[in-house]
Each structure stands twice: as C-alpha cells, then as structure tokens.
>>> print(open('query-v1.cif').read())   # mmCIF, C-alpha atoms
data_target
loop_
_atom_site.label_atom_id
_atom_site.label_comp_id
_atom_site.auth_asym_id
_atom_site.auth_seq_id
_atom_site.Cartn_x
_atom_site.Cartn_y
_atom_site.Cartn_z
CA MET A 1 27.48 -34.89 1.25
CA LYS A 2 29.07 -31.42 0.83
CA VAL A 3 27.44 -31.06 -2.59
CA THR A 4 24.03 -31.78 -1.08
CA ALA A 5 24.51 -29.25 1.75
CA LEU A 6 25.70 -26.64 -0.76
CA SER A 7 22.73 -27.37 -3.02
CA ILE A 8 20.30 -26.96 -0.12
CA ALA A 9 21.94 -23.68 0.92
CA LEU A 10 21.68 -22.32 -2.61
CA LEU A 11 18.07 -23.42 -2.87
CA LEU A 12 17.19 -21.69 0.40
CA CYS A 13 18.81 -18.45 -0.79
CA ALA A 14 16.89 -18.64 -4.08
CA CYS A 15 13.57 -19.00 -2.23
CA SER A 16 13.82 -15.77 -0.28
CA SER A 17 10.68 -13.67 -0.14
CA ALA A 18 10.22 -10.08 -1.24
CA GLY A 19 10.05 -9.13 2.45
CA PRO A 20 7.73 -6.65 4.11
CA TYR A 21 8.61 -3.86 1.66
CA GLY A 22 8.12 -5.88 -1.53
CA HIS A 23 11.63 -5.93 -2.94
CA SER A 24 10.78 -7.78 -6.15
CA GLN A 25 10.22 -6.97 -9.81
CA VAL A 26 6.44 -7.30 -9.47
CA TYR A 27 4.17 -6.52 -6.54
CA SER A 28 4.18 -9.35 -4.01
CA PRO A 29 1.32 -9.31 -1.48
CA LEU A 30 1.99 -10.83 1.93
CA ASP A 31 -0.03 -13.94 2.84
CA GLU A 32 -2.10 -12.01 5.38
CA GLU A 33 -2.63 -9.23 2.85
CA GLU A 34 -3.81 -11.66 0.19
CA LYS A 35 -6.34 -13.16 2.62
CA ALA A 36 -7.62 -9.71 3.64
CA ALA A 37 -7.97 -8.58 0.02
CA ASN A 38 -9.83 -11.73 -1.08
CA GLY A 39 -13.20 -10.53 -2.37
CA ALA A 40 -12.31 -6.82 -2.14
CA VAL A 41 -12.87 -4.59 -5.16
CA ASP A 42 -10.59 -1.79 -6.30
CA PHE A 43 -11.82 1.52 -4.98
CA ASP A 44 -13.58 3.50 -7.71
CA PRO A 45 -14.09 7.10 -6.52
CA VAL A 46 -16.44 8.04 -9.36
CA MET A 47 -18.80 5.13 -8.75
CA ALA A 48 -18.54 5.51 -4.97
CA LYS A 49 -19.79 9.11 -5.28
CA ARG A 50 -22.32 8.33 -8.02
CA SER A 51 -23.88 5.37 -6.17
CA PRO A 52 -22.94 5.81 -2.50
CA ASP A 53 -25.60 3.39 -1.23
CA GLN A 54 -24.15 0.58 -3.37
CA TRP A 55 -20.58 1.28 -2.15
CA LYS A 56 -21.14 1.88 1.57
CA GLY A 57 -20.17 -1.20 3.51
CA LYS A 58 -18.42 -2.69 0.46
CA THR A 59 -14.90 -4.05 1.02
CA VAL A 60 -12.46 -2.08 -1.11
CA SER A 61 -8.73 -2.06 -1.69
CA LEU A 62 -6.57 0.96 -2.52
CA PHE A 63 -3.04 2.33 -2.40
CA GLY A 64 -2.50 5.81 -1.04
CA VAL A 65 0.30 8.19 -0.15
CA VAL A 66 -0.25 9.71 3.28
CA VAL A 67 -0.92 13.45 3.11
CA SER A 68 -1.51 13.88 6.84
CA ARG A 69 -2.08 11.84 9.97
CA ALA A 70 -4.13 12.70 13.05
CA PRO A 71 -5.61 10.86 16.01
CA GLY A 72 -8.87 9.16 15.05
CA SER A 73 -11.73 7.59 16.97
CA SER A 74 -11.41 4.48 19.17
CA GLY A 75 -7.61 4.63 19.33
CA ASN A 76 -7.23 4.58 15.56
CA ALA A 77 -5.13 6.93 13.47
CA GLU A 78 -6.83 8.88 10.71
CA ALA A 79 -4.74 9.22 7.57
CA LYS A 80 -5.69 11.46 4.68
CA LEU A 81 -4.57 9.59 1.56
CA SER A 82 -3.76 10.63 -1.97
CA VAL A 83 -5.03 7.54 -3.82
CA ARG A 84 -2.65 6.15 -6.43
CA THR A 85 -2.60 3.33 -8.97
CA LEU A 86 -0.30 0.38 -8.33
CA GLU A 87 2.06 -0.17 -11.26
CA PRO A 88 2.13 -3.73 -12.68
CA ARG A 89 5.95 -3.82 -12.46
CA ASN A 90 8.16 -2.27 -9.82
CA LEU A 91 11.03 0.04 -10.67
CA CYS A 92 14.53 -1.27 -9.85
CA ASP A 93 17.99 0.30 -9.58
CA SER A 94 19.64 -2.83 -11.04
CA SER A 95 18.85 -6.41 -12.04
CA ASP A 96 19.08 -7.37 -8.34
CA GLU A 97 15.58 -7.73 -6.87
CA ASP A 98 16.75 -6.14 -3.61
CA SER A 99 17.02 -2.87 -5.56
CA CYS A 100 13.33 -2.98 -6.60
CA ARG A 101 10.72 -0.82 -4.90
CA VAL A 102 6.93 -1.02 -4.90
CA THR A 103 5.84 1.52 -7.50
CA VAL A 104 2.68 3.62 -7.64
CA SER A 105 1.58 6.36 -10.01
CA ASP A 106 2.89 9.85 -9.36
CA ARG A 107 -0.59 11.31 -9.91
CA GLU A 108 -3.44 11.23 -7.46
CA TYR A 109 -6.85 10.11 -8.71
CA ALA A 110 -8.82 10.53 -5.49
CA VAL A 111 -8.59 11.53 -1.85
CA VAL A 112 -9.90 9.39 1.00
CA HIS A 113 -9.52 9.25 4.75
CA ALA A 114 -8.58 5.93 6.33
CA LEU A 115 -9.07 4.87 9.93
CA LEU A 116 -6.15 2.58 10.78
CA HIS A 117 -5.42 0.62 13.95
CA LEU A 118 -1.64 1.00 13.79
CA ALA A 119 0.87 -1.60 14.90
CA THR A 120 3.39 -0.20 17.42
CA GLU A 121 6.22 0.02 14.87
CA ASP A 122 3.94 2.00 12.52
CA ASP A 123 2.65 4.27 15.30
CA ILE A 124 5.91 5.63 16.72
CA GLY A 125 9.54 5.59 15.75
CA GLU A 126 11.79 6.23 12.80
CA HIS A 127 9.63 4.29 10.32
CA SER A 128 6.22 5.31 11.68
CA LEU A 129 3.33 6.10 9.38
CA GLY A 130 3.38 9.77 8.45
CA PRO A 131 3.31 12.16 5.51
CA GLN A 132 4.81 10.60 2.36
CA SER A 133 4.36 7.01 3.64
CA LEU A 134 2.58 4.60 1.30
CA VAL A 135 -0.20 2.33 2.54
CA ARG A 136 -2.36 -0.32 1.01
CA VAL A 137 -5.72 -0.27 2.73
CA VAL A 138 -8.34 -3.01 2.61
CA GLY A 139 -11.51 -1.96 4.38
CA THR A 140 -15.09 -0.86 4.17
CA ILE A 141 -16.49 2.48 3.09
CA SER A 142 -18.08 4.18 6.08
CA ASP A 143 -21.54 5.74 6.10
CA ASP A 144 -19.83 8.99 7.10
CA VAL A 145 -17.71 11.37 5.04
CA ASP A 146 -14.92 13.53 6.38
CA PRO A 147 -16.43 16.80 7.66
CA SER A 148 -13.49 18.90 6.47
CA ASP A 149 -13.65 17.96 2.77
CA GLY A 150 -16.60 15.60 2.22
CA GLU A 151 -14.33 12.75 1.06
CA PRO A 152 -15.08 9.10 1.91
CA ILE A 153 -13.80 7.43 5.06
CA ILE A 154 -12.45 3.88 4.78
CA VAL A 155 -12.43 1.80 7.96
CA ALA A 156 -9.41 -0.45 7.51
CA LYS A 157 -9.62 -4.17 8.18
CA TYR A 158 -6.02 -4.52 7.00
CA TYR A 159 -3.23 -2.20 5.98
CA ARG A 160 0.34 -2.57 4.75
CA HIS A 161 2.79 0.28 5.25
CA TRP A 162 5.87 1.43 3.37
CA PRO A 163 7.75 4.24 5.14
CA ARG A 164 8.93 7.24 3.16
CA GLY A 165 11.83 6.16 0.93
CA TYR A 166 10.82 2.46 0.82
CA TYR A 167 8.67 2.83 -2.31
CA VAL A 168 8.79 5.00 -5.43
CA THR A 169 6.36 6.71 -7.77
CA THR A 170 6.48 6.59 -11.55
CA ALA A 171 8.26 9.97 -11.38
CA ALA A 172 11.42 7.91 -10.58
CA ARG A 173 11.41 6.28 -14.05
CA SER A 174 14.23 8.53 -15.23
CA LEU A 175 16.38 7.43 -12.28
CA MET A 176 15.51 3.73 -12.19
CA ARG A 177 14.86 0.96 -14.67
CA ARG A 178 12.23 -1.71 -15.07
#
>>> encode(input="query-v1.cif", output="structure tokens")
Amino acid sequence: MKVTALSIALLLCACSSAGPYGHSQVYSPLDEEEKAANGAVDFDPVMAKRSPDQWKGKTVSLFGVVVSRAPGSSGNAEAKLSVRTLEPRNLCDSSDEDSCRVTVSDREYAVVHALLHLATEDDIGEHSLGPQSLVRVVGTISDDVDPSDGEPIIVAKYYRHWPRGYYVTTAARSLMRR
C-alpha cells in the first residue's frame, strides 16, 4: 500500500503544469489561451498595412513587450507594444524546468496598440501590466489607427501577461542555456 501511495505522489509531481508564467522548455499555452487563439492568424504588419481592408476585423495573435500603458476607452487599458517573435524553445538557467522562461526575440518587428480589459491583478499591484511586461494578445484589428503614430489598434479578446522579470528575450542567450 505504501508503494502505491508513493507511486501516486510521484506521478502527481511529474504531471505539474508550466503554470501561468510558462516555466517549461517549450512554450505552453494555457487552456483558455489555446481556445482563444483557435483560428487566429499571426499578426503580419506588412500585409496588415498593404491590405488593411483584408486584415481589419481579422482575429490575430501576437506577442509584445509593453512600451507604455495609458487609460483607454470603455474602462480598458491601452498598451503600446513592441511586437516580438516567440522563440520555439525557452531559455533556461538549468535542466530544471522551473528555471525556464518564456522567450521572445530581442528585436522589435512592429509596433501596435492593444486595448486590454485588465484583470485586477494585472491592473494594480506589484506585478501589474506596465513598461517591460510581456503580453500575448489575441484580438481583432480595429478600423481605427492610433492618432499619435498611425499604428494599428488591436482590440483584445484575450491576453496573457508576464510581468517584468518573468520572461526573457534572446539577448539573455549568453546568460542562460537552451
């Protein structure tokens, strides 16, 4: 009987998830995130500008580092995002998956503005969404562009947030391993 209880305990430990911040060797979407992203296409800034009528209203997915945050319309927050590419494998400090961090490119390939309806823990507090946070946004491209810079506005249907320090960019390759 003790062997069975020990076996079950070990099995439960082995089945732990990557958690909300994706501590695993490869990117692990949350169940809700996977549902929201079903049918979404990766945001393509060149095609969105070249054929805006074909992209407006389209559900897109992107990762972006927050440049700035301001109050938006209808109780939303508006985040200016430096769009980045998700790396296929996360960088890790050791072979322990708890040391792995979601990894995005260190170079920006576009700028967008996202309207986000923030959860309380992302709105205020120590880990709130702010400059240098990472977000994955799944949403639709608005008919409007930002008046300050003419960049697209994404109205988020879903977002996932990593506070500053809970993700890394490829610039950390020299400090971490794959």
>>> resolve_selection(input="query-v1.cif", expression="the PyMOL selection byres ((chain A and resi 140-146) around 9)", output="list in words")
Ala48, Pro52, Asp53, Trp55, Lys56, Gly57, Lys58, Thr59, Val60, Ser61, Val112, His113, Val138, Gly139, Pro147, Ser148, Asp149, Gly150, Glu151, Pro152, Ile153, Ile154, Val155, Ala156 and Lys157 of chain A
>>> resolve_selection(input="query-v1.cif", expression="the PyMOL selection byres ((chain A and resi 92) around 7)", output="MDAnalysis selection string")
chainID A and resid 90:91 93:94 99:101 176:178
>>> resolve_selection(input="query-v1.cif", expression="the PyMOL selection byres ((chain A and resi 159) around 7)", output="MDAnalysis selection string")
chainID A and resid 135:138 156 158 160:161
>>> closest_residue(input="query-v1.cif", among="A:Lys80, A:Arg50, A:Val66, A:Thr103", to="Ala172 of chain A", atoms="only C-alpha atoms")
A:Thr103
>>> atom_distance(input="query-v1.cif", atom1="atom CA of Ala79 of chain A", atom2="atom CA of Leu30 of chain A")
21.9 Å
>>> atom_distance(input="query-v1.cif", atom1="atom CA of Ala114 of chain A", atom2="atom CA of Ala77 of chain A")
8.0 Å
>>> decode(input="query-v1.cif", residues="segment 77-135 of chain A", atoms="C-alpha atoms", output="PDB file, in the first residue's frame")
ATOM      1  CA  ALA A  77      -6.080  49.950 -20.718  1.00  0.00           C
ATOM      2  CA  GLU A  78      -4.228  50.931 -23.867  1.00  0.00           C
ATOM      3  CA  ALA A  79      -0.784  49.382 -24.168  1.00  0.00           C
ATOM      4  CA  LYS A  80       1.711  50.378 -26.823  1.00  0.00           C
ATOM      5  CA  LEU A  81       3.519  47.153 -27.738  1.00  0.00           C
ATOM      6  CA  SER A  82       6.850  46.378 -29.326  1.00  0.00           C
ATOM      7  CA  VAL A  83       5.877  43.243 -31.278  1.00  0.00           C
ATOM      8  CA  ARG A  84       8.284  40.327 -30.920  1.00  0.00           C
ATOM      9  CA  THR A  85       8.648  36.799 -32.265  1.00  0.00           C
ATOM     10  CA  LEU A  86       8.065  33.895 -29.883  1.00  0.00           C
ATOM     11  CA  GLU A  87      11.084  31.592 -29.783  1.00  0.00           C
ATOM     12  CA  PRO A  88      10.345  27.876 -30.384  1.00  0.00           C
ATOM     13  CA  ARG A  89      12.289  26.906 -27.235  1.00  0.00           C
ATOM     14  CA  ASN A  90      12.508  28.785 -23.971  1.00  0.00           C
ATOM     15  CA  LEU A  91      15.803  29.703 -22.363  1.00  0.00           C
ATOM     16  CA  CYS A  92      16.569  28.004 -19.028  1.00  0.00           C
ATOM     17  CA  ASP A  93      19.094  28.584 -16.231  1.00  0.00           C
ATOM     18  CA  SER A  94      19.475  24.827 -15.641  1.00  0.00           C
ATOM     19  CA  SER A  95      17.960  21.498 -16.654  1.00  0.00           C
ATOM     20  CA  ASP A  96      15.135  22.141 -14.151  1.00  0.00           C
ATOM     21  CA  GLU A  97      12.016  23.346 -15.992  1.00  0.00           C
ATOM     22  CA  ASP A  98      11.256  25.785 -13.159  1.00  0.00           C
ATOM     23  CA  SER A  99      14.308  27.751 -14.342  1.00  0.00           C
ATOM     24  CA  CYS A 100      12.896  28.177 -17.877  1.00  0.00           C
ATOM     25  CA  ARG A 101      11.346  31.440 -19.024  1.00  0.00           C
ATOM     26  CA  VAL A 102       9.132  32.247 -21.998  1.00  0.00           C
ATOM     27  CA  THR A 103      11.498  33.650 -24.601  1.00  0.00           C
ATOM     28  CA  VAL A 104      10.844  36.244 -27.307  1.00  0.00           C
ATOM     29  CA  SER A 105      13.158  37.927 -29.788  1.00  0.00           C
ATOM     30  CA  ASP A 106      15.151  40.902 -28.563  1.00  0.00           C
ATOM     31  CA  ARG A 107      14.286  42.844 -31.735  1.00  0.00           C
ATOM     32  CA  GLU A 108      11.008  44.530 -32.477  1.00  0.00           C
ATOM     33  CA  TYR A 109       9.398  43.908 -35.859  1.00  0.00           C
ATOM     34  CA  ALA A 110       6.339  46.128 -35.466  1.00  0.00           C
ATOM     35  CA  VAL A 111       4.506  48.464 -33.114  1.00  0.00           C
ATOM     36  CA  VAL A 112       0.818  48.120 -32.268  1.00  0.00           C
ATOM     37  CA  HIS A 113      -1.548  49.464 -29.666  1.00  0.00           C
ATOM     38  CA  ALA A 114      -3.704  46.986 -27.759  1.00  0.00           C
ATOM     39  CA  LEU A 115      -6.905  47.693 -25.869  1.00  0.00           C
ATOM     40  CA  LEU A 116      -6.962  45.295 -22.909  1.00  0.00           C
ATOM     41  CA  HIS A 117      -9.631  44.721 -20.278  1.00  0.00           C
ATOM     42  CA  LEU A 118      -7.226  44.011 -17.419  1.00  0.00           C
ATOM     43  CA  ALA A 119      -7.835  41.567 -14.600  1.00  0.00           C
ATOM     44  CA  THR A 120      -7.434  43.186 -11.158  1.00  0.00           C
ATOM     45  CA  GLU A 121      -4.029  41.583 -10.507  1.00  0.00           C
ATOM     46  CA  ASP A 122      -2.769  42.919 -13.861  1.00  0.00           C
ATOM     47  CA  ASP A 123      -4.248  46.390 -13.312  1.00  0.00           C
ATOM     48  CA  ILE A 124      -2.722  47.321  -9.955  1.00  0.00           C
ATOM     49  CA  GLY A 125      -0.062  45.948  -7.685  1.00  0.00           C
ATOM     50  CA  GLU A 126       3.494  44.691  -7.754  1.00  0.00           C
ATOM     51  CA  HIS A 127       3.006  42.524 -10.859  1.00  0.00           C
ATOM     52  CA  SER A 128       0.686  44.863 -12.773  1.00  0.00           C
ATOM     53  CA  LEU A 129       0.988  45.337 -16.512  1.00  0.00           C
ATOM     54  CA  GLY A 130       3.432  48.129 -17.264  1.00  0.00           C
ATOM     55  CA  PRO A 131       6.530  49.009 -19.265  1.00  0.00           C
ATOM     56  CA  GLN A 132       8.721  45.946 -19.921  1.00  0.00           C
ATOM     57  CA  SER A 133       5.864  43.475 -19.274  1.00  0.00           C
ATOM     58  CA  LEU A 134       5.268  40.856 -21.968  1.00  0.00           C
ATOM     59  CA  VAL A 135       1.780  40.111 -23.262  1.00  0.00           C
TER      60      VAL A 135
END
